[in-house]
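Worksheet for the structure shown next.
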Amino acid sequence: MRNDTTDHPANLAERLTRSGLRNTPQREVVYRALLDKRDHPTADEVYGRVRPEMPSISLATVYNCLETLVQCDLVRQVNFERGPSRYCANLQPHAHFHDEKTGATYDLDLPPDVIERIRSVLPPGYSAKTVEITFHGQSPTP
Ligand SMILES: [Zn+2]
């Protein structure tokens with residue numbers, strides 16, 4: 001696993017401040033839950049993980065925290081057709097592999113120039129804020 005400086009919760013406070021937002025214990029606990037287990041949980045799953053530590057937190061607060069983290073570019077929101085949004089704290093360029101049988105989602109490292117090469121297909125004048133690459137299929141059964 002990469003040891004990227006963006007993973008440190010101190011960075012969360014810094015990013016929030018830069019976006020004009022306060023760091024709150026709720027935001028921190030939600031962010032830490034995403035860093036601890038990188039299996040692309042849904043908001044409901046995040047809620048289940050933070051409740052033992054913070055029983056007073058509500059699902060609405062978890063949604064708000066996730067939204068804030070996405071707005072500050074600390075977390076990526078990942079959507080697969082029809083499923084609920086999932087959240088990913090890996091900020092390195094990466095693709096997703098969505099196992100259609102188990103519903104599990106894995107990060108796949110991308111060679112550094114892949115995103116630039118894909119962006120190069122954009123016609124002149126087009127700009128894309130994000131590029132998402134998702135494989136849908138099956139991972140090998142153990
Ligand atoms: Zn991811």
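Following the order of the structure tokens, chains are lettered A, B, ..., residues in each are numbered from 1, and ligands are numbered from 1.
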
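Proximity to Arg49 of chain A at 9 Å, evaluated using only C-alpha atoms and with sequence-adjacent residues fewer than 4 positions away removed, yields Val30, Ala33, Asp44, Glu45 and Glu53 of chain A.
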
>> Write out as number ranges by chain the set of residues from chain A that DSSP, computed on the backbone, places in strand (DSSP E or B).
In response: A: 42, 76-78, 86-88, 94-99, 105-109, 134-137

>> If the limit is 10 Å from any atom of ligand 1, counting only C-alpha atoms and all ligand atoms, which residues qualify? Return them as a PyMOL selection string.
In response: chain A and resi 38-40+75-78+86-97+105-109+134

> Which residues in chain A does DSSP call alpha helix (DSSP H)? List them as a VMD selection string.
Replying inline: chain A and resid 9 to 18 25 to 36 43 to 50 59 to 71 114 to 119

> Pick from A:Gly125, A:Pro112, A:Pro140, A:Gly20: nearest to Asp99 of chain A, with only C-alpha atoms counted?
Replying inline: A:Pro140

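For the atom pair formed by atom CA of Arg15 of chain A and atom CA of Asp113 of chain A, the distance is 26.4 Å, given to one decimal.
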
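For segment 126-130 of chain A, the list of residues within 10 Å, based on only C-alpha atoms and with local chain neighbours fewer than 5 positions off taken out, reads Ile115, Arg119 and Val121 of chain A.
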
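A straight line drawn from atom CA of His98 of chain A to atom CA of Pro111 of chain A is 19.1 Å long.
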
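When only C-alpha atoms are used to compute distances to Leu34 of chain A, the closest of the residues A:Val46, A:Val114, A:Leu12, A:Val62 turns out to be A:Val46.
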
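Between atom CA of Asn79 of chain A and atom CA of Glu100 of chain A there is a distance of 13.6 Å.
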